[in-house]
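Below is the file start36.cif, which contains mmCIF, C-alpha atoms and all ligand atoms.
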data_run
loop_
_atom_site.label_atom_id
_atom_site.label_comp_id
_atom_site.auth_asym_id
_atom_site.auth_seq_id
_atom_site.Cartn_x
_atom_site.Cartn_y
_atom_site.Cartn_z
CA MET A 89 250.48 202.31 104.38
CA GLN A 90 252.61 202.07 101.24
CA ALA A 91 253.46 198.56 100.02
CA ARG A 92 257.18 197.81 100.13
CA ARG A 93 258.66 197.29 96.68
CA ARG A 94 260.62 194.11 96.19
CA PRO A 95 264.32 194.78 95.49
CA ALA A 96 265.13 194.50 91.78
CA LEU A 97 267.84 192.28 90.34
CA VAL A 98 268.87 192.67 86.71
CA VAL A 99 269.99 189.47 84.98
CA ALA A 100 272.77 190.48 82.58
CA THR A 101 272.51 187.91 79.84
CA GLY A 102 271.37 187.96 76.24
CA ASN A 103 271.00 184.17 76.27
CA PRO A 104 267.30 183.24 76.72
CA GLY A 105 268.23 179.71 77.87
CA LYS A 106 270.36 181.05 80.69
CA ARG A 107 267.84 183.70 81.65
CA LYS A 108 265.13 181.06 82.02
CA GLU A 109 267.38 178.93 84.23
CA ILE A 110 268.28 181.92 86.41
CA GLU A 111 264.68 183.09 86.77
CA ALA A 112 263.50 179.61 87.70
CA ALA A 113 266.22 179.30 90.35
CA LEU A 114 265.23 182.55 92.05
CA VAL A 115 261.47 181.90 92.19
CA GLY A 116 260.07 182.49 95.67
CA LEU A 117 262.81 184.86 96.79
CA ASP A 118 261.92 188.42 97.73
CA VAL A 119 263.40 189.73 94.47
CA GLU A 120 261.98 191.21 91.28
CA VAL A 121 264.00 189.70 88.46
CA LEU A 122 264.44 192.03 85.46
CA GLY A 123 265.88 191.20 82.05
CA LEU A 124 268.07 193.47 79.94
CA ASP A 125 265.02 194.11 77.72
CA SER A 126 263.36 196.02 80.55
CA LEU A 127 266.30 198.46 80.59
CA GLY A 128 265.71 199.60 77.03
CA GLY A 129 268.59 197.80 75.38
CA VAL A 130 271.76 197.97 77.47
CA ALA A 131 274.51 196.45 75.32
CA LEU A 132 276.74 193.83 76.91
CA PRO A 133 280.48 194.49 76.48
CA GLU A 134 282.90 192.09 74.78
CA GLU A 135 283.92 189.26 77.10
CA ASN A 136 287.67 189.60 76.77
CA GLY A 137 288.68 188.45 80.27
CA GLY A 138 290.86 185.39 80.77
CA THR A 139 288.67 183.75 83.43
CA TYR A 140 284.97 183.10 83.97
CA ALA A 141 285.01 185.39 87.02
CA HIS A 142 286.63 188.20 85.07
CA ASN A 143 284.08 187.93 82.23
CA ALA A 144 281.13 187.77 84.64
CA LEU A 145 282.44 190.88 86.40
CA ILE A 146 282.95 192.74 83.08
CA LYS A 147 279.28 192.11 82.15
CA ALA A 148 277.90 192.88 85.61
CA ARG A 149 279.90 196.10 85.91
CA ALA A 150 278.71 197.42 82.52
CA VAL A 151 275.06 196.77 83.38
CA LEU A 152 275.35 198.17 86.90
CA ASP A 153 276.93 201.37 85.51
CA ALA A 154 274.05 201.71 83.01
CA ALA A 155 271.16 200.72 85.29
CA GLY A 156 272.25 201.62 88.81
CA LEU A 157 270.53 198.46 90.07
CA PRO A 158 271.88 195.21 91.53
CA VAL A 159 273.07 192.98 88.70
CA LEU A 160 273.66 189.26 88.32
CA ALA A 161 275.92 188.14 85.47
CA ASP A 162 277.27 184.70 84.73
CA ASP A 163 280.04 183.31 82.65
CA SER A 164 280.42 179.65 81.97
CA GLY A 165 282.07 177.17 79.68
CA LEU A 166 282.90 173.60 78.87
CA GLU A 167 286.39 172.27 79.69
CA VAL A 168 287.43 169.14 77.79
CA ASP A 169 290.44 167.35 79.24
CA ALA A 170 291.56 165.80 75.92
CA LEU A 171 291.67 169.36 74.49
CA ASN A 172 293.68 170.70 77.44
CA GLY A 173 290.66 172.45 78.91
CA GLU A 174 289.41 173.96 75.66
CA PRO A 175 287.05 175.56 74.75
CA GLY A 176 286.77 176.92 78.34
CA VAL A 177 286.24 180.69 78.40
CA TYR A 178 286.02 180.58 74.59
CA SER A 179 283.08 178.11 74.59
CA ALA A 180 280.63 180.57 73.03
CA ARG A 181 283.15 181.41 70.26
CA PHE A 182 284.56 177.92 69.61
CA GLY A 183 285.10 177.47 65.85
CA GLY A 184 284.60 181.19 65.18
CA PRO A 185 281.56 183.43 64.95
CA GLY A 186 278.46 182.48 63.01
CA LEU A 187 278.25 178.81 63.99
CA SER A 188 275.04 177.47 65.50
CA ASP A 189 275.07 175.55 68.79
CA ARG A 190 274.68 172.29 66.90
CA GLN A 191 277.54 173.12 64.54
CA ARG A 192 279.76 173.83 67.54
CA CYS A 193 278.77 170.48 69.05
CA ARG A 194 279.67 168.71 65.81
CA LEU A 195 283.01 170.52 65.63
CA LEU A 196 283.78 169.41 69.16
CA LEU A 197 282.98 165.79 68.25
CA GLU A 198 285.27 166.06 65.20
CA ARG A 199 288.09 167.35 67.37
CA LEU A 200 287.59 164.32 69.64
CA ASP A 201 287.41 161.81 66.80
CA GLY A 202 289.14 158.59 67.88
CA VAL A 203 289.39 159.60 71.56
CA PRO A 204 288.14 156.64 73.66
CA ASP A 205 285.40 157.10 76.27
CA PRO A 206 287.59 157.11 79.39
CA GLN A 207 289.54 160.04 77.92
CA ARG A 208 286.46 162.07 76.99
CA SER A 209 286.14 163.58 80.47
CA ALA A 210 284.93 167.16 80.67
CA ARG A 211 283.17 169.61 82.96
CA PHE A 212 280.94 172.63 82.76
CA ARG A 213 281.93 175.47 85.06
CA ALA A 214 279.96 178.58 85.93
CA VAL A 215 280.73 181.72 87.89
CA LEU A 216 277.98 184.10 88.95
CA ALA A 217 278.88 187.66 89.85
CA LEU A 218 276.45 189.71 91.90
CA LEU A 219 277.25 193.42 91.99
CA VAL A 220 275.33 195.82 94.17
CA PRO A 221 275.31 199.62 93.89
CA GLY A 222 277.64 200.92 96.57
CA GLY A 223 280.38 198.47 95.72
CA ALA A 224 279.51 195.02 97.13
CA VAL A 225 280.73 192.12 94.97
CA TYR A 226 279.75 188.47 95.48
CA LEU A 227 281.08 185.53 93.45
CA PHE A 228 279.49 182.05 93.32
CA GLU A 229 281.24 179.24 91.46
CA ALA A 230 280.29 175.63 90.72
CA GLY A 231 280.85 172.84 88.20
CA VAL A 232 279.52 169.53 86.97
CA GLU A 233 281.74 166.68 85.82
CA GLY A 234 280.84 164.51 82.87
CA ARG A 235 281.85 162.95 79.57
CA ILE A 236 281.62 164.06 75.95
CA ALA A 237 279.22 161.91 73.89
CA ARG A 238 279.95 160.33 70.51
CA ASP A 239 277.01 162.03 68.81
CA LEU A 240 274.33 164.60 69.54
CA ARG A 241 271.43 163.44 71.71
CA GLY A 242 268.37 165.41 72.83
CA SER A 243 266.86 168.76 72.02
CA GLY A 244 266.51 170.51 75.39
CA GLY A 245 268.80 173.09 76.94
CA PHE A 246 271.29 174.95 74.77
CA GLY A 247 274.96 175.10 73.81
CA TYR A 248 276.86 171.84 74.32
CA ASP A 249 274.04 170.11 76.23
CA PRO A 250 273.45 167.49 73.46
CA VAL A 251 277.04 166.21 73.69
CA PHE A 252 277.52 166.20 77.47
CA TYR A 253 276.70 163.23 79.72
CA PRO A 254 276.75 164.62 83.27
CA ARG A 255 277.63 162.74 86.44
CA GLY A 256 274.97 162.66 89.14
CA ASP A 257 275.55 163.57 92.78
CA ASP A 258 276.77 160.00 93.38
CA GLY A 259 279.50 160.48 90.75
CA ARG A 260 277.92 158.04 88.28
CA LEU A 261 277.51 158.99 84.61
CA LEU A 262 273.87 159.48 83.66
CA SER A 263 272.57 157.64 80.60
CA LYS A 264 271.06 160.89 79.27
CA THR A 265 272.82 163.94 77.91
CA MET A 266 272.08 167.32 79.45
CA ALA A 267 269.80 167.98 76.44
CA GLN A 268 267.67 164.92 77.32
CA LEU A 269 267.01 166.07 80.88
CA THR A 270 263.97 168.11 81.89
CA PRO A 271 264.81 171.70 82.91
CA GLU A 272 264.30 170.67 86.56
CA GLU A 273 266.64 167.68 86.23
CA LYS A 274 269.27 169.85 84.54
CA ASN A 275 269.00 172.54 87.23
CA ARG A 276 269.48 169.98 89.97
CA ILE A 277 272.92 168.91 88.77
CA SER A 278 274.18 171.63 86.44
CA HIS A 279 277.05 174.02 87.12
CA ARG A 280 274.70 177.02 86.90
CA GLY A 281 272.01 175.32 89.01
CA ARG A 282 274.58 174.65 91.73
CA ALA A 283 276.02 178.18 91.59
CA LEU A 284 272.47 179.59 91.67
CA ARG A 285 271.70 177.58 94.79
CA LEU A 286 274.77 179.11 96.45
CA LEU A 287 273.45 182.55 95.47
CA ARG A 288 269.94 181.70 96.63
CA ARG A 289 271.23 180.48 99.99
CA ALA A 290 273.34 183.64 100.41
CA LEU A 291 270.37 185.93 99.60
CA ALA A 292 267.97 183.97 101.80
CA SER A 293 270.33 183.97 104.79
CA GLY A 294 271.34 187.61 104.38
CA ALA A 295 274.98 186.66 103.67
CA ALA A 296 274.45 188.57 100.40
CA ALA A 297 272.21 191.62 100.29
CA LEU A 298 270.83 193.62 97.37
CA ASP A 299 271.02 196.83 99.38
CA GLY A 300 274.65 196.93 100.41
CA GLY A 301 277.00 194.60 102.29
CA ASN A 302 280.59 193.66 101.70
CA CYS A 303 281.73 190.83 99.48
CA CYS A 304 282.08 187.14 99.54
CA GLN A 305 283.02 184.14 97.45
CA ALA A 306 281.30 180.74 97.55
CA ARG A 307 282.32 177.58 95.68
CA ASN A 308 281.26 174.00 95.36
P1 LIG B 401 278.82 182.72 78.01
O1 LIG B 401 277.46 183.10 77.55
O2 LIG B 401 279.90 183.64 77.64
O3 LIG B 401 278.86 182.31 79.46
O4 LIG B 401 279.16 181.44 77.15
C1 LIG B 401 279.16 180.22 77.67
C2 LIG B 401 279.08 179.21 76.56
O5 LIG B 401 279.40 177.96 77.18
C3 LIG B 401 277.69 179.07 75.99
O6 LIG B 401 277.50 179.81 74.83
C4 LIG B 401 277.63 177.58 75.70
O7 LIG B 401 278.24 177.31 74.48
C5 LIG B 401 278.48 177.00 76.82
N1 LIG B 401 277.62 176.69 77.98
C6 LIG B 401 277.57 177.33 79.18
N2 LIG B 401 276.64 176.77 79.98
C7 LIG B 401 276.10 175.78 79.26
C8 LIG B 401 275.06 174.84 79.56
O8 LIG B 401 274.42 174.83 80.62
N3 LIG B 401 274.79 173.98 78.58
C9 LIG B 401 275.44 173.96 77.39
N4 LIG B 401 276.38 174.81 77.06
C10 LIG B 401 276.73 175.73 78.00
#

Could you write out this file's structure as C-alpha cells?
Ligand code: IMP
Amino acid sequence: MQARRRPALVVATGNPGKRKEIEAALVGLDVEVLGLDSLGGVALPEENGGTYAHNALIKARAVLDAAGLPVLADDSGLEVDALNGEPGVYSARFGGPGLSDRQRCRLLLERLDGVPDPQRSARFRAVLALLVPGGAVYLFEAGVEGRIARDLRGSGGFGYDPVFYPRGDDGRLLSKTMAQLTPEEKNRISHRGRALRLLRRALASGAAALDGGNCCQARN
C-alpha cells in the first residue's frame, strides 16, 4: 500500500523570525510546511495594499499562482495610539528603507519623546490568509494590546519586540518586553500566535481544508 503524502502548505514569508513562529505553531498537524526557499526562489510582490488582510492576500495569491499549492501568508504591524495608529501597515517600512529593526525601534521612541506612559498604548495586529488551489480563502485575525517602552529591552524576537510591553490574558502589563520573552511565551500571547491558533483550530476541526472548501473569517 502506498503511504499517503501529507498535504503541503507553503509559508509565504521572507522573514525568518515569522517563519519560525509559524512552523512552531503548526507542529503536530497533518501538514508538511514548506518555505519559499523550497520553491526555487518565488519573489514576493510589493505589499501595496491599504490593510493587513489586503497585503496578506496579495502575497498569498502571488505564491499560489507560482506554486499551485496551498499558501499561508501573514501581514502584521504595530499600531501606536499617540501616532494615530502609525506605523500600522507601514511598520516594516517605518522611517524608510535601509533601517535595521533596532534603528526603527529608536526612531519610534524618538517620535514618542515626552509622551507619558498612560498615552503610550499600542497593539500588534496580524492577519493570516490561507489560500487553497481551487479558490478557497480563509482569513484569521488577532491582536495583542500593550505599551511602548522608554528604551530597548531584550534581544529575542524581531521588529519592534524590544520596545513593546504586552498585556497578558488578564489584561495586565507584563514587566518584560516581547524581546525578553521566550519564543513559547511570546507565542502564547502574541497577535500572530493567537491568529495561528485560530488557523490551527480551523485545520484540526476541518473548518478549513487544504484540499478545497469554501471560505471563512475568524477573529479574536
Ligand atoms: P510584514 O512583514 O509586512 O508583515 O511587516 C510587519 C512588520 O511589523 C515587521 O517588519 C515588524 O517591523 C512589525 N512586526 C510584525 N509582527 C511583529 C512581531 O511579532 N514583533 C515585532 N515586530 C513585528

Ligand LIG 401 (chain B) neighbours within 7 Å using only C-alpha atoms and all ligand atoms, as a PDB file with C-alpha atoms, keeping the file's coordinate frame:
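Contents of out.pdb, as written:
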ATOM      1  CA  ASN A 103     271.000 184.170  76.270  1.00  0.00           C
ATOM      2  CA  GLU A 135     283.920 189.260  77.100  1.00  0.00           C
ATOM      3  CA  ASP A 162     277.270 184.700  84.730  1.00  0.00           C
ATOM      4  CA  ASP A 163     280.040 183.310  82.650  1.00  0.00           C
ATOM      5  CA  SER A 164     280.420 179.650  81.970  1.00  0.00           C
ATOM      6  CA  GLY A 165     282.070 177.170  79.680  1.00  0.00           C
ATOM      7  CA  LEU A 166     282.900 173.600  78.870  1.00  0.00           C
ATOM      8  CA  SER A 179     283.080 178.110  74.590  1.00  0.00           C
ATOM      9  CA  ALA A 180     280.630 180.570  73.030  1.00  0.00           C
ATOM     10  CA  ASP A 189     275.070 175.550  68.790  1.00  0.00           C
ATOM     11  CA  PHE A 212     280.940 172.630  82.760  1.00  0.00           C
ATOM     12  CA  GLY A 245     268.800 173.090  76.940  1.00  0.00           C
ATOM     13  CA  PHE A 246     271.290 174.950  74.770  1.00  0.00           C
ATOM     14  CA  GLY A 247     274.960 175.100  73.810  1.00  0.00           C
ATOM     15  CA  TYR A 248     276.860 171.840  74.320  1.00  0.00           C
ATOM     16  CA  ASP A 249     274.040 170.110  76.230  1.00  0.00           C
ATOM     17  CA  SER A 278     274.180 171.630  86.440  1.00  0.00           C
ATOM     18  CA  ARG A 280     274.700 177.020  86.900  1.00  0.00           C
TER      19      ARG A 280
END

Item to check | Polymer residues at most 12 Å from (283.9, 164.4, 84.6) by all atoms listed in the file, as a ChimeraX atom specification | outcome: /A:166-170,173,205-213,231-237,252-257,259-262

Checklist entry - When distances are computed from all atoms listed in the file, which of A:Pro250, A:Gly176, A:Gly223, A:Gly156 shows the smallest separation from A:Gln191? => result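 For A:Gln191, the nearest of the candidates is A:Pro250.
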
Checklist entry - What is the atom CA of A:Asp299-atom CA of A:Arg282 distance in Å, reported with one decimal? => result 23.7 Å

Next on the checklist: Using Å and a single decimal, report how far atom CA of A:Arg190 sits from atom CA of A:Val203.
Outcome noted: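 According to the coordinates, atom CA of A:Val203 and atom CA of A:Arg190 are separated by 20.0 Å.
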
Next on the checklist: Between A:Asp201, A:Glu229, A:Glu272, A:Glu111, which residue has the minimum interatomic distance to A:Ala214, considering all atoms listed in the file?
Outcome noted: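 Smallest distance to A:Ala214 is found for A:Glu229.
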
Next on the checklist: With 12 Å as the threshold, what does the neighbourhood of (288.3, 186.6, 80.3) contain in terms of residues, counting all atoms listed in the file? Coordinates are those of the file; answer as a list of chain:residue names.
Outcome noted: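 Final list of nearby residues, as requested, is A:Pro133, A:Glu134, A:Glu135, A:Asn136, A:Gly137, A:Gly138, A:Thr139, A:Tyr140, A:Ala141, A:His142, A:Asn143, A:Ala144, A:Leu145, A:Ile146, A:Lys147, A:Asp163, A:Ser164, A:Gly165, A:Gly176, A:Val177, A:Tyr178, A:Ser179, A:Val215.
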
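Nearest to A:Leu114 of all the residues A:Leu187, A:Leu97, A:Ala297, A:Val159 is A:Leu97, based on all atoms listed in the file.
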
Next on the checklist: I'd like the interatomic distance between atom CA of A:Leu240 and atom CA of A:Ala112, to a tenth of an Å.
Outcome noted: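 Atom-to-atom, atom CA of A:Leu240 and atom CA of A:Ala112 are spaced 25.9 Å apart.
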
Checklist entry - Excluding same-chain residues fewer than 2 positions from A:Tyr226, what lies within 12 Å of it counting all atoms listed in the file, as a VMD selection string? => result chain A and resid 141 144 to 145 148 158 to 162 215 to 220 223 to 224 228 to 229 283 286 to 288 290 to 291 295 to 298 300 to 307

Store the residues picked out above in a file with C-alpha atoms, as an mmCIF file, keeping the file's coordinate frame.
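And here is the file that came out, part_6.cif:
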data_model
loop_
_atom_site.group_PDB
_atom_site.id
_atom_site.type_symbol
_atom_site.label_atom_id
_atom_site.label_comp_id
_atom_site.auth_asym_id
_atom_site.auth_seq_id
_atom_site.Cartn_x
_atom_site.Cartn_y
_atom_site.Cartn_z
ATOM 1 C CA ALA A 141 285.010 185.390 87.020
ATOM 2 C CA ALA A 144 281.130 187.770 84.640
ATOM 3 C CA LEU A 145 282.440 190.880 86.400
ATOM 4 C CA ALA A 148 277.900 192.880 85.610
ATOM 5 C CA PRO A 158 271.880 195.210 91.530
ATOM 6 C CA VAL A 159 273.070 192.980 88.700
ATOM 7 C CA LEU A 160 273.660 189.260 88.320
ATOM 8 C CA ALA A 161 275.920 188.140 85.470
ATOM 9 C CA ASP A 162 277.270 184.700 84.730
ATOM 10 C CA VAL A 215 280.730 181.720 87.890
ATOM 11 C CA LEU A 216 277.980 184.100 88.950
ATOM 12 C CA ALA A 217 278.880 187.660 89.850
ATOM 13 C CA LEU A 218 276.450 189.710 91.900
ATOM 14 C CA LEU A 219 277.250 193.420 91.990
ATOM 15 C CA VAL A 220 275.330 195.820 94.170
ATOM 16 C CA GLY A 223 280.380 198.470 95.720
ATOM 17 C CA ALA A 224 279.510 195.020 97.130
ATOM 18 C CA PHE A 228 279.490 182.050 93.320
ATOM 19 C CA GLU A 229 281.240 179.240 91.460
ATOM 20 C CA ALA A 283 276.020 178.180 91.590
ATOM 21 C CA LEU A 286 274.770 179.110 96.450
ATOM 22 C CA LEU A 287 273.450 182.550 95.470
ATOM 23 C CA ARG A 288 269.940 181.700 96.630
ATOM 24 C CA ALA A 290 273.340 183.640 100.410
ATOM 25 C CA LEU A 291 270.370 185.930 99.600
ATOM 26 C CA ALA A 295 274.980 186.660 103.670
ATOM 27 C CA ALA A 296 274.450 188.570 100.400
ATOM 28 C CA ALA A 297 272.210 191.620 100.290
ATOM 29 C CA LEU A 298 270.830 193.620 97.370
ATOM 30 C CA GLY A 300 274.650 196.930 100.410
ATOM 31 C CA GLY A 301 277.000 194.600 102.290
ATOM 32 C CA ASN A 302 280.590 193.660 101.700
ATOM 33 C CA CYS A 303 281.730 190.830 99.480
ATOM 34 C CA CYS A 304 282.080 187.140 99.540
ATOM 35 C CA GLN A 305 283.020 184.140 97.450
ATOM 36 C CA ALA A 306 281.300 180.740 97.550
ATOM 37 C CA ARG A 307 282.320 177.580 95.680
#

Next on the checklist: Need to verify the contact set: A:Leu132, 10 Å, only C-alpha atoms, exclusion of same-chain residues closer than 4 positions in sequence. Can you return it as a PyMOL selection string?
Outcome noted: chain A and resi 100-102+124+146-151

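Using only C-alpha atoms, the shortest contact distance between A:Thr265 and any of A:Val251, A:Leu152, A:Leu200, A:Ala96 is found at A:Val251.
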